[in-house]
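These notes concern the structure reproduced below.
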Protein chains: 2
Amino acid sequence: MDFEGLADALKALADPTRLRIVSLLNIRDCCVCELVPLFGISQPAVSKHMSRLKASGLVKETRKGMWVFYSLNKDRLAEIGMSLSHLPDLTDELRQLEQKGLLVKCE
Amino acid sequence: MDFEGLADALKALADPTRLRIVSLLNIRDCCVCELVPLFGISQPAVSKHMSRLKASGLVKETRKGMWVFYSLNKDRLAEIGMSLSHLPDLTDELRQLEQKGLLVKCE
DNA sequence: GAAGTATATAACAATATAGTTATATTGTAT
DNA sequence: ATACAATATAACTATATTGTTATATACTTC
């Protein structure tokens, strides 16, 4: 995952409401109508949060009749968490810049 | 860490430039003047990113003469990553809401 | 103390985000 | 087909974010 991709995935999680949604889905699948009364925001707002989570691969949707059930992609969540402990190694980039004299020596 | 706190910490990381800064600091401490030429943004922009990271406890600053060196708080970074795999358990909240009849049964 | 360098803050602009209400879409049931 | 329920999308608003330039602060050196 590149920096842009990781930043985007983290943004998907960096909202209290979406974190609550993810925490709920961590317990069990939910449909939108169950989530709406829990957060004091409108149904369209919840729907947009779900779209955002889906766009980042964090949830999967399954239509069952009238309802759309969302389930958490736990692997994806773990992957994002892991990526914070395995950030890209910029050593080579640093070295290249150093050779080009672009790095300031401050001491 | 509550949802608001975690969301705030994730927001601190949810930016490509700040992720690059964190990745660099993961290799070695840097001062602002070293970071500026790397990202194609102004010195004040870098300075504000450092303030944001500092506010979330992700970096520590140490003044050395004219320079301010920033170092990564690796424990804090690990803590934020870990918190994604240990999200608050909302089972009890779900149960309470269920008893109050606030949860819709969709099936 | 005057000049120079590194960093931080202030004021502002452009864009992104998260909510709203209104409406469209999709599926169920009569 | 009509009416209803659940969800999604559109248009909009308010606020947050991320950058800019100009200026202030902190420290060093002459």
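Residues are named by chain letter and number: chains run A, B, ... in the order of the structure tokens, numbers start at 1 in each chain, and ligands are numbered from 1 in the order shown.
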Show me a table, sorted first by chain and then by increasing residue number, of the residues of chain A having an atom at most 8 Å from chain D, each with its shortest atom pair and the distance in Å to one decimal, counting only C-alpha atoms (C1' of nucleotides) and written as a tab-separated table.
```
residue	atom	partner	partner_atom	distance
A:Val32	CA	D:DT7	C1'	7.6
A:Cys33	CA	D:DA6	C1'	7.2
A:Pro44	CA	D:DA8	C1'	7.6
A:Ser47	CA	D:DA8	C1'	7.1
A:Met66	CA	D:DA6	C1'	5.6
A:Trp67	CA	D:DA6	C1'	5.9
A:Val68	CA	D:DT7	C1'	7.4
```
Got time to write the residues from that selection, N, CA and C atoms, as a PDB file, in the first residue's frame?
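Writing done, so here's out.pdb:
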```
ATOM      1  N   VAL A  32     -28.688  -1.051   7.494  1.00  0.00           N
ATOM      2  CA  VAL A  32     -28.684   0.391   7.730  1.00  0.00           C
ATOM      3  C   VAL A  32     -29.750   0.794   8.733  1.00  0.00           C
ATOM      4  N   CYS A  33     -30.930   0.166   8.636  1.00  0.00           N
ATOM      5  CA  CYS A  33     -32.031   0.579   9.517  1.00  0.00           C
ATOM      6  C   CYS A  33     -31.732   0.287  10.977  1.00  0.00           C
ATOM      7  N   PRO A  44     -29.601   8.984   5.376  1.00  0.00           N
ATOM      8  CA  PRO A  44     -28.630   9.235   4.303  1.00  0.00           C
ATOM      9  C   PRO A  44     -27.199   9.391   4.818  1.00  0.00           C
ATOM     10  N   SER A  47     -25.907   6.031   5.325  1.00  0.00           N
ATOM     11  CA  SER A  47     -25.699   5.426   4.017  1.00  0.00           C
ATOM     12  C   SER A  47     -24.395   5.896   3.391  1.00  0.00           C
ATOM     13  N   MET A  66     -35.556  -6.419   1.237  1.00  0.00           N
ATOM     14  CA  MET A  66     -35.506  -4.961   1.308  1.00  0.00           C
ATOM     15  C   MET A  66     -34.212  -4.460   1.913  1.00  0.00           C
ATOM     16  N   TRP A  67     -33.572  -5.320   2.709  1.00  0.00           N
ATOM     17  CA  TRP A  67     -32.462  -4.840   3.512  1.00  0.00           C
ATOM     18  C   TRP A  67     -31.106  -5.062   2.877  1.00  0.00           C
ATOM     19  N   VAL A  68     -30.208  -4.183   3.181  1.00  0.00           N
ATOM     20  CA  VAL A  68     -28.821  -4.379   2.783  1.00  0.00           C
ATOM     21  C   VAL A  68     -28.015  -4.598   4.056  1.00  0.00           C
TER      22      VAL A  68
END
```
Which residues of chain B come within 7 Å of chain A, and what is each one's closest atom pair and distance in Å (one decimal), counting only C-alpha atoms, sorted by chain and residue number, as a tab-separated table?
```
residue	atom	partner	partner_atom	distance
B:Phe3	CA	A:Pro16	CA	5.1
B:Glu4	CA	A:Pro16	CA	5.3
B:Ala7	CA	A:Ala14	CA	4.3
B:Asp8	CA	A:Ala14	CA	6.6
B:Leu10	CA	A:Ala14	CA	5.0
B:Lys11	CA	A:Ala14	CA	5.1
B:Leu13	CA	A:Ala7	CA	7.0
B:Ala14	CA	A:Ala7	CA	4.3
B:Asp15	CA	A:Ala7	CA	5.0
B:Pro16	CA	A:Phe3	CA	5.1
B:Leu19	CA	A:Phe3	CA	6.4
B:Arg20	CA	A:Phe3	CA	7.0
B:Ser23	CA	A:Leu87	CA	6.0
B:Leu24	CA	A:Leu90	CA	6.2
B:Ile27	CA	A:Thr91	CA	6.9
B:Cys33	CA	A:Val104	CA	6.7
B:Glu34	CA	A:Val104	CA	5.2
B:Ala78	CA	A:Ser85	CA	6.3
B:Gly81	CA	A:Gly81	CA	4.5
B:Met82	CA	A:Gly81	CA	6.6
B:Leu84	CA	A:Gly81	CA	5.7
B:Ser85	CA	A:Ala78	CA	6.3
B:Leu87	CA	A:Ser23	CA	6.0
B:Pro88	CA	A:Ser23	CA	6.5
B:Asp89	CA	A:Ser23	CA	6.8
B:Leu90	CA	A:Leu24	CA	6.2
B:Thr91	CA	A:Ile27	CA	6.9
B:Leu103	CA	A:Glu34	CA	5.7
B:Val104	CA	A:Glu34	CA	5.2
```
Which parts of region 32-90 of chain B does DSSP call strand (DSSP E or B) when run on the backbone here, written out as an MDAnalysis selection string? chainID B and resid 59:64 67:72
Can you write out the residues you just picked, keeping C-alpha atoms, as a PDB file, in the first residue's frame?
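Written output follows (again-v1.pdb):
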```pdb
ATOM      1  CA  VAL B  59       6.400  12.926  17.720  1.00  0.00           C
ATOM      2  CA  LYS B  60       8.564  14.587  20.330  1.00  0.00           C
ATOM      3  CA  GLU B  61      10.575  17.724  19.647  1.00  0.00           C
ATOM      4  CA  THR B  62      14.037  18.544  20.928  1.00  0.00           C
ATOM      5  CA  ARG B  63      15.609  21.893  20.303  1.00  0.00           C
ATOM      6  CA  LYS B  64      19.315  21.799  19.432  1.00  0.00           C
ATOM      7  CA  TRP B  67      17.172  23.504  15.007  1.00  0.00           C
ATOM      8  CA  VAL B  68      14.214  21.604  16.285  1.00  0.00           C
ATOM      9  CA  PHE B  69      14.676  17.899  15.877  1.00  0.00           C
ATOM     10  CA  TYR B  70      11.643  15.684  15.775  1.00  0.00           C
ATOM     11  CA  SER B  71      11.673  12.053  16.823  1.00  0.00           C
ATOM     12  CA  LEU B  72       8.993   9.445  16.337  1.00  0.00           C
TER      13      LEU B  72
END
```
What parts of chain A does DSSP call helix (DSSP H, G or I)? I'd like the answer as an MDAnalysis selection string. chainID A and resid 3:13 16:27 32:39 43:55 74:85 91:99
Hey, which bits of chain C sit within 10 Å of chain B, and for each residue what's the closest pair of atoms and how far apart in Å (one decimal), counting only C-alpha atoms (C1' of nucleotides), rows by chain and increasing number, as a tab-separated table?
```
residue	atom	partner	partner_atom	distance
C:DT5	C1'	B:Met66	CA	7.5
C:DA6	C1'	B:Met66	CA	5.6
C:DT7	C1'	B:Val68	CA	7.4
C:DA8	C1'	B:Ser47	CA	7.1
C:DT9	C1'	B:Pro44	CA	8.9
```
Residue selection dump (C-alpha atoms (C1' of nucleotides)) as an mmCIF file, in the first residue's frame:
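That gives us out-v5.cif:
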```cif
data_model
loop_
_atom_site.group_PDB
_atom_site.id
_atom_site.type_symbol
_atom_site.label_atom_id
_atom_site.label_comp_id
_atom_site.auth_asym_id
_atom_site.auth_seq_id
_atom_site.Cartn_x
_atom_site.Cartn_y
_atom_site.Cartn_z
ATOM 1 C "C1'" DT C 5 19.092 31.209 9.901
ATOM 2 C "C1'" DA C 6 15.484 27.989 11.580
ATOM 3 C "C1'" DT C 7 11.028 27.496 13.156
ATOM 4 C "C1'" DA C 8 6.303 28.936 14.462
ATOM 5 C "C1'" DT C 9 2.138 31.603 14.024
#
```
